[in-house]
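Pasting upload.cif here (mmCIF, C-alpha atoms):
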data_structure
loop_
_atom_site.label_atom_id
_atom_site.label_comp_id
_atom_site.auth_asym_id
_atom_site.auth_seq_id
_atom_site.Cartn_x
_atom_site.Cartn_y
_atom_site.Cartn_z
CA MET A 1 0.00 0.00 0.00
CA THR A 2 1.33 3.41 -0.98
CA ALA A 3 1.78 5.75 1.94
CA LYS A 4 -0.21 8.96 1.74
CA PRO A 5 0.39 12.19 3.68
CA VAL A 6 -2.17 13.01 6.36
CA PHE A 7 -2.48 16.57 5.02
CA ASP A 8 -1.25 18.71 2.13
CA ILE A 9 1.39 21.40 2.51
CA PRO A 10 1.84 24.44 0.26
CA THR A 11 3.93 24.02 -2.85
CA ALA A 12 7.21 25.88 -3.17
CA PRO A 13 6.80 29.63 -3.80
CA CYS A 14 7.94 30.94 -7.18
CA VAL A 15 9.63 34.15 -8.30
CA ALA A 16 8.93 35.89 -11.62
CA ILE A 17 11.61 35.89 -14.33
CA ALA A 18 11.94 39.11 -16.32
CA GLY A 19 10.66 38.71 -19.89
CA ASN A 20 9.74 35.06 -19.37
CA VAL A 21 6.44 33.27 -18.84
CA GLN A 22 8.25 30.66 -16.76
CA VAL A 23 8.86 31.18 -13.05
CA PHE A 24 11.71 30.31 -10.68
CA PRO A 25 10.67 27.85 -7.92
CA VAL A 26 12.34 28.58 -4.59
CA ARG A 27 14.09 25.75 -2.75
CA ARG A 28 16.00 27.48 0.06
CA VAL A 29 16.96 31.01 1.13
CA PHE A 30 20.42 31.87 2.45
CA CYS A 31 21.39 35.34 3.67
CA VAL A 32 24.82 36.90 4.14
CA GLY A 33 25.28 38.97 7.28
CA ARG A 34 27.26 42.24 7.55
CA ASN A 35 28.47 42.31 3.95
CA TYR A 36 28.75 46.11 3.83
CA ALA A 37 31.21 47.73 6.23
CA ALA A 38 29.04 50.83 6.78
CA HIS A 39 26.04 48.70 7.76
CA ALA A 40 28.14 46.62 10.15
CA ALA A 41 29.30 49.87 11.77
CA GLU A 42 25.77 51.22 12.15
CA MET A 43 24.82 47.98 13.88
CA GLY A 44 27.74 48.41 16.28
CA ALA A 45 29.59 45.39 14.87
CA GLU A 46 33.16 45.00 13.72
CA VAL A 47 33.84 43.98 10.13
CA ASP A 48 35.26 40.46 9.94
CA ARG A 49 37.06 39.78 6.65
CA ALA A 50 38.11 36.27 7.71
CA ALA A 51 34.98 34.63 6.23
CA PRO A 52 31.35 35.49 5.47
CA PHE A 53 28.62 34.26 7.81
CA TYR A 54 25.03 33.32 7.07
CA PHE A 55 21.55 32.92 8.39
CA THR A 56 18.60 31.30 6.63
CA LYS A 57 14.95 31.95 5.94
CA SER A 58 12.31 29.41 5.05
CA ALA A 59 11.24 29.33 1.41
CA HIS A 60 7.76 30.31 2.53
CA ALA A 61 9.11 33.67 3.72
CA VAL A 62 9.39 34.58 0.01
CA THR A 63 6.91 37.21 -1.15
CA PRO A 64 6.72 38.81 -4.62
CA SER A 65 7.43 42.44 -5.36
CA GLY A 66 4.29 44.58 -5.41
CA SER A 67 2.74 42.81 -2.43
CA VAL A 68 0.73 44.47 0.32
CA ILE A 69 1.46 42.76 3.64
CA ALA A 70 0.35 43.18 7.23
CA TYR A 71 2.80 44.62 9.75
CA PRO A 72 4.68 41.56 11.06
CA PRO A 73 3.42 40.10 14.34
CA GLY A 74 5.43 39.98 17.56
CA THR A 75 7.50 43.11 16.94
CA ARG A 76 7.42 46.85 17.47
CA ASP A 77 10.56 47.50 15.45
CA CYS A 78 10.47 45.91 11.99
CA HIS A 79 13.26 47.14 9.67
CA TYR A 80 13.81 47.11 5.90
CA GLU A 81 17.11 45.91 4.36
CA MET A 82 17.62 46.33 0.61
CA GLU A 83 19.77 43.61 -1.01
CA LEU A 84 21.05 42.02 -4.21
CA VAL A 85 19.70 38.46 -4.52
CA ILE A 86 21.56 35.67 -6.32
CA ALA A 87 19.41 32.97 -7.94
CA ILE A 88 21.18 29.61 -8.27
CA GLY A 89 20.42 27.64 -11.42
CA ALA A 90 22.95 24.79 -11.36
CA GLY A 91 24.41 22.47 -8.77
CA ALA A 92 27.50 23.70 -6.94
CA PHE A 93 29.44 21.88 -4.25
CA GLU A 94 32.97 22.80 -3.21
CA VAL A 95 33.45 24.96 -6.31
CA ASP A 96 36.21 27.54 -6.51
CA GLU A 97 35.66 31.21 -7.28
CA ALA A 98 36.56 30.76 -10.96
CA GLU A 99 33.67 28.29 -11.37
CA ALA A 100 31.17 29.93 -9.02
CA LEU A 101 29.41 32.12 -11.57
CA ASP A 102 28.58 29.03 -13.66
CA ALA A 103 26.01 28.16 -10.98
CA VAL A 104 24.28 31.56 -11.10
CA TYR A 105 20.99 31.68 -12.99
CA GLY A 106 20.38 35.38 -12.43
CA TYR A 107 19.94 38.27 -10.04
CA ALA A 108 17.06 40.16 -8.44
CA CYS A 109 16.28 42.98 -6.04
CA GLY A 110 15.36 41.82 -2.56
CA ILE A 111 14.15 43.28 0.72
CA ASP A 112 15.00 41.43 3.92
CA LEU A 113 12.52 42.42 6.64
CA THR A 114 13.93 42.07 10.14
CA ARG A 115 12.22 42.13 13.53
CA ARG A 116 15.08 44.18 14.92
CA ASP A 117 13.93 44.11 18.55
CA LEU A 118 13.78 40.32 18.50
CA GLN A 119 17.10 40.06 16.70
CA GLY A 120 18.67 42.41 19.25
CA ALA A 121 17.35 40.36 22.16
CA ALA A 122 18.73 37.19 20.56
CA LYS A 123 22.16 38.77 20.11
CA GLU A 124 22.24 39.88 23.73
CA GLY A 125 21.35 36.37 24.88
CA ARG A 126 23.78 34.73 22.43
CA LYS A 127 20.84 32.91 20.85
CA PRO A 128 19.91 32.20 17.20
CA TRP A 129 18.34 34.98 15.12
CA ASP A 130 15.41 32.91 13.81
CA LEU A 131 12.60 34.93 15.42
CA GLY A 132 14.15 38.16 14.18
CA LYS A 133 14.77 37.02 10.61
CA ASP A 134 12.69 34.03 9.54
CA PHE A 135 8.98 34.84 9.43
CA GLU A 136 6.17 35.05 6.89
CA ASN A 137 6.58 37.72 4.17
CA SER A 138 10.10 38.60 5.35
CA ALA A 139 11.93 37.87 2.07
CA ILE A 140 10.55 40.06 -0.70
CA VAL A 141 12.01 39.24 -4.11
CA GLY A 142 11.63 41.08 -7.41
CA ALA A 143 11.69 39.57 -10.89
CA ILE A 144 14.91 37.72 -11.71
CA THR A 145 17.06 38.99 -14.58
CA MET A 146 19.10 36.22 -16.14
CA ALA A 147 22.85 36.46 -15.57
CA ASP A 148 23.79 36.82 -19.24
CA ALA A 149 21.38 39.73 -19.65
CA PHE A 150 22.59 41.42 -16.47
CA GLY A 151 26.31 41.14 -17.21
CA ARG A 152 29.08 42.07 -14.79
CA LEU A 153 28.03 43.48 -11.42
CA GLY A 154 30.68 46.18 -11.33
CA ASP A 155 29.86 49.21 -9.22
CA ARG A 156 26.13 49.41 -10.00
CA SER A 157 24.06 51.42 -7.56
CA ILE A 158 21.70 49.90 -4.99
CA THR A 159 19.05 52.14 -3.40
CA LEU A 160 15.93 52.02 -1.26
CA ASP A 161 13.27 54.72 -0.77
CA LEU A 162 10.84 54.78 2.14
CA ASP A 163 7.70 56.85 1.44
CA GLY A 164 9.55 58.65 -1.34
CA ARG A 165 12.62 59.49 0.74
CA ARG A 166 16.01 57.98 -0.12
CA MET A 167 17.19 55.90 2.86
CA GLN A 168 19.82 53.55 1.44
CA GLU A 169 22.31 54.21 -1.34
CA ALA A 170 25.54 52.37 -2.10
CA ARG A 171 27.40 50.46 -4.80
CA LEU A 172 27.52 46.71 -5.26
CA SER A 173 31.29 47.09 -5.31
CA ASP A 174 31.03 48.09 -1.64
CA MET A 175 30.23 44.49 -0.70
CA MET A 176 32.90 42.93 1.48
CA TRP A 177 32.34 39.57 -0.21
CA SER A 178 31.76 39.38 -3.96
CA VAL A 179 29.26 37.09 -5.64
CA PRO A 180 31.92 34.50 -6.68
CA GLU A 181 33.38 34.54 -3.17
CA ILE A 182 29.95 34.05 -1.56
CA VAL A 183 28.88 31.21 -3.86
CA ALA A 184 32.24 29.42 -3.57
CA HIS A 185 32.36 29.76 0.22
CA LEU A 186 28.75 28.68 0.79
CA SER A 187 29.26 25.67 -1.49
CA ARG A 188 31.81 24.29 0.98
CA TYR A 189 29.00 23.72 3.47
CA TYR A 190 25.90 23.07 1.32
CA HIS A 191 25.16 21.31 -1.94
CA LEU A 192 23.79 24.39 -3.69
CA ALA A 193 21.11 23.50 -6.22
CA PRO A 194 18.66 25.11 -8.65
CA GLY A 195 16.04 27.05 -6.73
CA ASP A 196 18.35 28.34 -4.00
CA LEU A 197 18.37 32.10 -3.35
CA ILE A 198 21.17 34.02 -1.65
CA PHE A 199 20.50 37.48 -0.18
CA THR A 200 23.91 39.19 -0.25
CA GLY A 201 23.62 41.73 2.58
CA THR A 202 22.43 45.30 2.96
CA PRO A 203 24.10 48.73 2.83
CA ALA A 204 23.90 51.27 5.65
CA GLY A 205 20.70 53.22 6.20
CA VAL A 206 18.37 50.52 7.49
CA GLY A 207 15.44 51.65 9.56
CA PRO A 208 11.89 50.94 10.71
CA VAL A 209 8.72 50.55 8.71
CA ALA A 210 5.23 51.32 10.00
CA PRO A 211 1.66 50.58 8.95
CA GLY A 212 1.15 52.50 5.72
CA SER A 213 4.84 52.50 4.73
CA MET A 214 5.67 52.21 1.03
CA LEU A 215 9.07 50.81 0.04
CA SER A 216 10.73 51.03 -3.37
CA GLY A 217 14.14 49.57 -4.10
CA SER A 218 16.35 49.45 -7.18
CA ILE A 219 19.63 48.08 -8.51
CA ASP A 220 20.96 49.27 -11.87
CA GLY A 221 20.05 46.74 -14.54
CA LEU A 222 17.40 44.88 -12.52
CA GLU A 223 13.65 45.28 -12.25
CA SER A 224 12.79 47.44 -9.25
CA ILE A 225 11.01 46.12 -6.16
CA THR A 226 8.10 47.55 -4.20
CA LEU A 227 6.33 46.66 -0.97
CA THR A 228 3.49 48.23 0.99
CA ILE A 229 2.82 47.68 4.68
CA ALA A 230 -0.95 47.71 5.15
CA GLY A 231 -2.26 50.61 7.24
#
Once more with this new file: its structure as structure tokens, please.
Amino acid sequence: MTAKPVFDIPTAPCVAIAGNVQVFPVRRVFCVGRNYAAHAAEMGAEVDRAAPFYFTKSAHAVTPSGSVIAYPPGTRDCHYEMELVIAIGAGAFEVDEAEALDAVYGYACGIDLTRRDLQGAAKEGRKPWDLGKDFENSAIVGAITMADAFGRLGDRSITLDLDGRRMQEARLSDMMWSVPEIVAHLSRYYHLAPGDLIFTGTPAGVGPVAPGSMLSGSIDGLESITLTIAG
């Protein structure tokens, strides 16, 4: 007799692909911490160039650009963090930096929402960041632009506006760890596979959202991202 599940669970969320009727199914979400020196400083942390570090979000935290979401529960201090997102399209395990870009399907704009008060309490107690980082609608992802169409990252600008006011502005070249370095390093610890997303860290200028907030983020060469917090 074939075993059957006692209940159904949601299928994997999908992200739009620019200029394509197909969509990108999400398998896992990895996030790089403190990848911009100025952001690390504003968080009161020292920059550690020895190796990148990571936290994760569940795939069901993924929410498409243009969404209207409720203010997250359990927090009074939810922050925005604008980021470049890497979409993995091929298997990668223990690859070197020269091979790392072969695994990249494309790139997208992303917003990492963070329950900063809960993250802060976890840091003080030397506990995991899960409550502060991994929750519903906390990983907003715009349409993916394929790597060949995007080209070299270079020093493209990354920005975020809150209610029409510029809050974050930097260059992708400001990242402490480049895309090849991130993919190669992460592949030492995980079998990266198609469907994985990697949020690459946020520049300085993070801050709180409130009911009614409207967020708009952009990276040169990618489709912009928007999010509204319901009033």
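For the set A:Glu124, A:Phe93, A:Asp102, A:Gln168, the residue with the smallest atom-to-atom gap to Pro203 of chain A is A:Gln168, counting all atoms listed in the file.
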Notebook entry, point to check: With all atoms listed in the file as the basis for distance, which of A:Ala122, A:Val15, A:Ala59, A:Leu186 is at the shortest distance from Tyr107 of chain A?
Noted result: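 Smallest distance to Tyr107 of chain A is found for A:Val15.
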Check: What does the PyMOL selection byres ((chain A and resi 109-116) around 7) select in this file, as number ranges by chain?
Finding: A: 75, 77-85, 108, 117-120, 132-133, 138-142, 218-219, 222, 224-225
Next item on the list: Starting from the displayed file, determine the output of the PyMOL selection byres ((chain A and resi 31) around 9) and express the residue list as JSON, numbers by chain.
Entry: {"A": [29, 30, 32, 33, 53, 54, 55, 56, 57, 85, 112, 197, 198, 199, 200, 201]}
Go ahead and dump the residues you just picked, C-alpha atoms, as a PDB file, in the frame of the given file.
ATOM      1  CA  VAL A  29      16.960  31.010   1.130  1.00  0.00           C
ATOM      2  CA  PHE A  30      20.420  31.870   2.450  1.00  0.00           C
ATOM      3  CA  VAL A  32      24.820  36.900   4.140  1.00  0.00           C
ATOM      4  CA  GLY A  33      25.280  38.970   7.280  1.00  0.00           C
ATOM      5  CA  PHE A  53      28.620  34.260   7.810  1.00  0.00           C
ATOM      6  CA  TYR A  54      25.030  33.320   7.070  1.00  0.00           C
ATOM      7  CA  PHE A  55      21.550  32.920   8.390  1.00  0.00           C
ATOM      8  CA  THR A  56      18.600  31.300   6.630  1.00  0.00           C
ATOM      9  CA  LYS A  57      14.950  31.950   5.940  1.00  0.00           C
ATOM     10  CA  VAL A  85      19.700  38.460  -4.520  1.00  0.00           C
ATOM     11  CA  ASP A 112      15.000  41.430   3.920  1.00  0.00           C
ATOM     12  CA  LEU A 197      18.370  32.100  -3.350  1.00  0.00           C
ATOM     13  CA  ILE A 198      21.170  34.020  -1.650  1.00  0.00           C
ATOM     14  CA  PHE A 199      20.500  37.480  -0.180  1.00  0.00           C
ATOM     15  CA  THR A 200      23.910  39.190  -0.250  1.00  0.00           C
ATOM     16  CA  GLY A 201      23.620  41.730   2.580  1.00  0.00           C
TER      17      GLY A 201
END
Next item on the list: Decode the PyMOL selection byres ((chain A and resi 183) around 12) for the given file into explicit residues and return them as a PyMOL selection string.
Entry: chain A and resi 30-32+52+54+85-104+177-182+184-193+196-200
Check: For Lys123 of chain A, which residue among A:Val68, A:Leu172, A:Met167, A:Ala45 is the nearest when counting only C-alpha atoms?
Finding: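 Distance minimum relative to Lys123 of chain A lands on A:Ala45.
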Name the residues in contact with Gly154 of chain A at a cut-off of 10 Å, using all atoms listed in the file, excluding same-chain residues fewer than 5 positions from it; report them as a short mmCIF file (atom, residue, chain, number, x, y, z; two decimals) with C-alpha atoms, keeping the file's coordinate frame.
data_model
loop_
_atom_site.label_atom_id
_atom_site.label_comp_id
_atom_site.auth_asym_id
_atom_site.auth_seq_id
_atom_site.Cartn_x
_atom_site.Cartn_y
_atom_site.Cartn_z
CA ARG A 171 27.40 50.46 -4.80
CA LEU A 172 27.52 46.71 -5.26
CA SER A 173 31.29 47.09 -5.31
CA ASP A 174 31.03 48.09 -1.64
#
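Atom pair atom CA of Gly231 of chain A / atom CA of Pro13 of chain A has a distance of 25.4 Å (rounded to one decimal).
Computed from the coordinates, the atom CA of Ala16 of chain A to atom CA of Thr202 of chain A distance equals 22.0 Å.
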Checklist line | Å distance separating atom CA of Asp130 of chain A from atom CA of His39 of chain A, one decimal place | finding: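 Taking atom CA of Asp130 of chain A and atom CA of His39 of chain A, their separation equals 20.0 Å.
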With 3 Å on each side, where is the centre of the axis-aligned box around all listed atoms of segment 41-55 of chain A, and how long are its edges in Å to one decimal, as AutoDock Vina command-line options?
--center_x 29.8 --center_y 42.1 --center_z 10.9 --size_x 22.6 --size_y 24.3 --size_z 16.8
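Among A:Pro211, A:Asp134, A:Gly66, A:Ile144, the residue with the shortest atom-to-atom distance to Val21 of chain A, counting all atoms listed in the file, is A:Ile144.
Among A:Thr11, A:Ser213, A:Asn20, A:Thr63, the residue with the shortest atom-to-atom distance to Leu162 of chain A, counting all atoms listed in the file, is A:Ser213.
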Margin query: With distances taken over only C-alpha atoms, which residue among A:Asp8, A:Asp220, A:Asp148, A:Asp161 lies nearest Gly207 of chain A?
Written below: A:Asp161
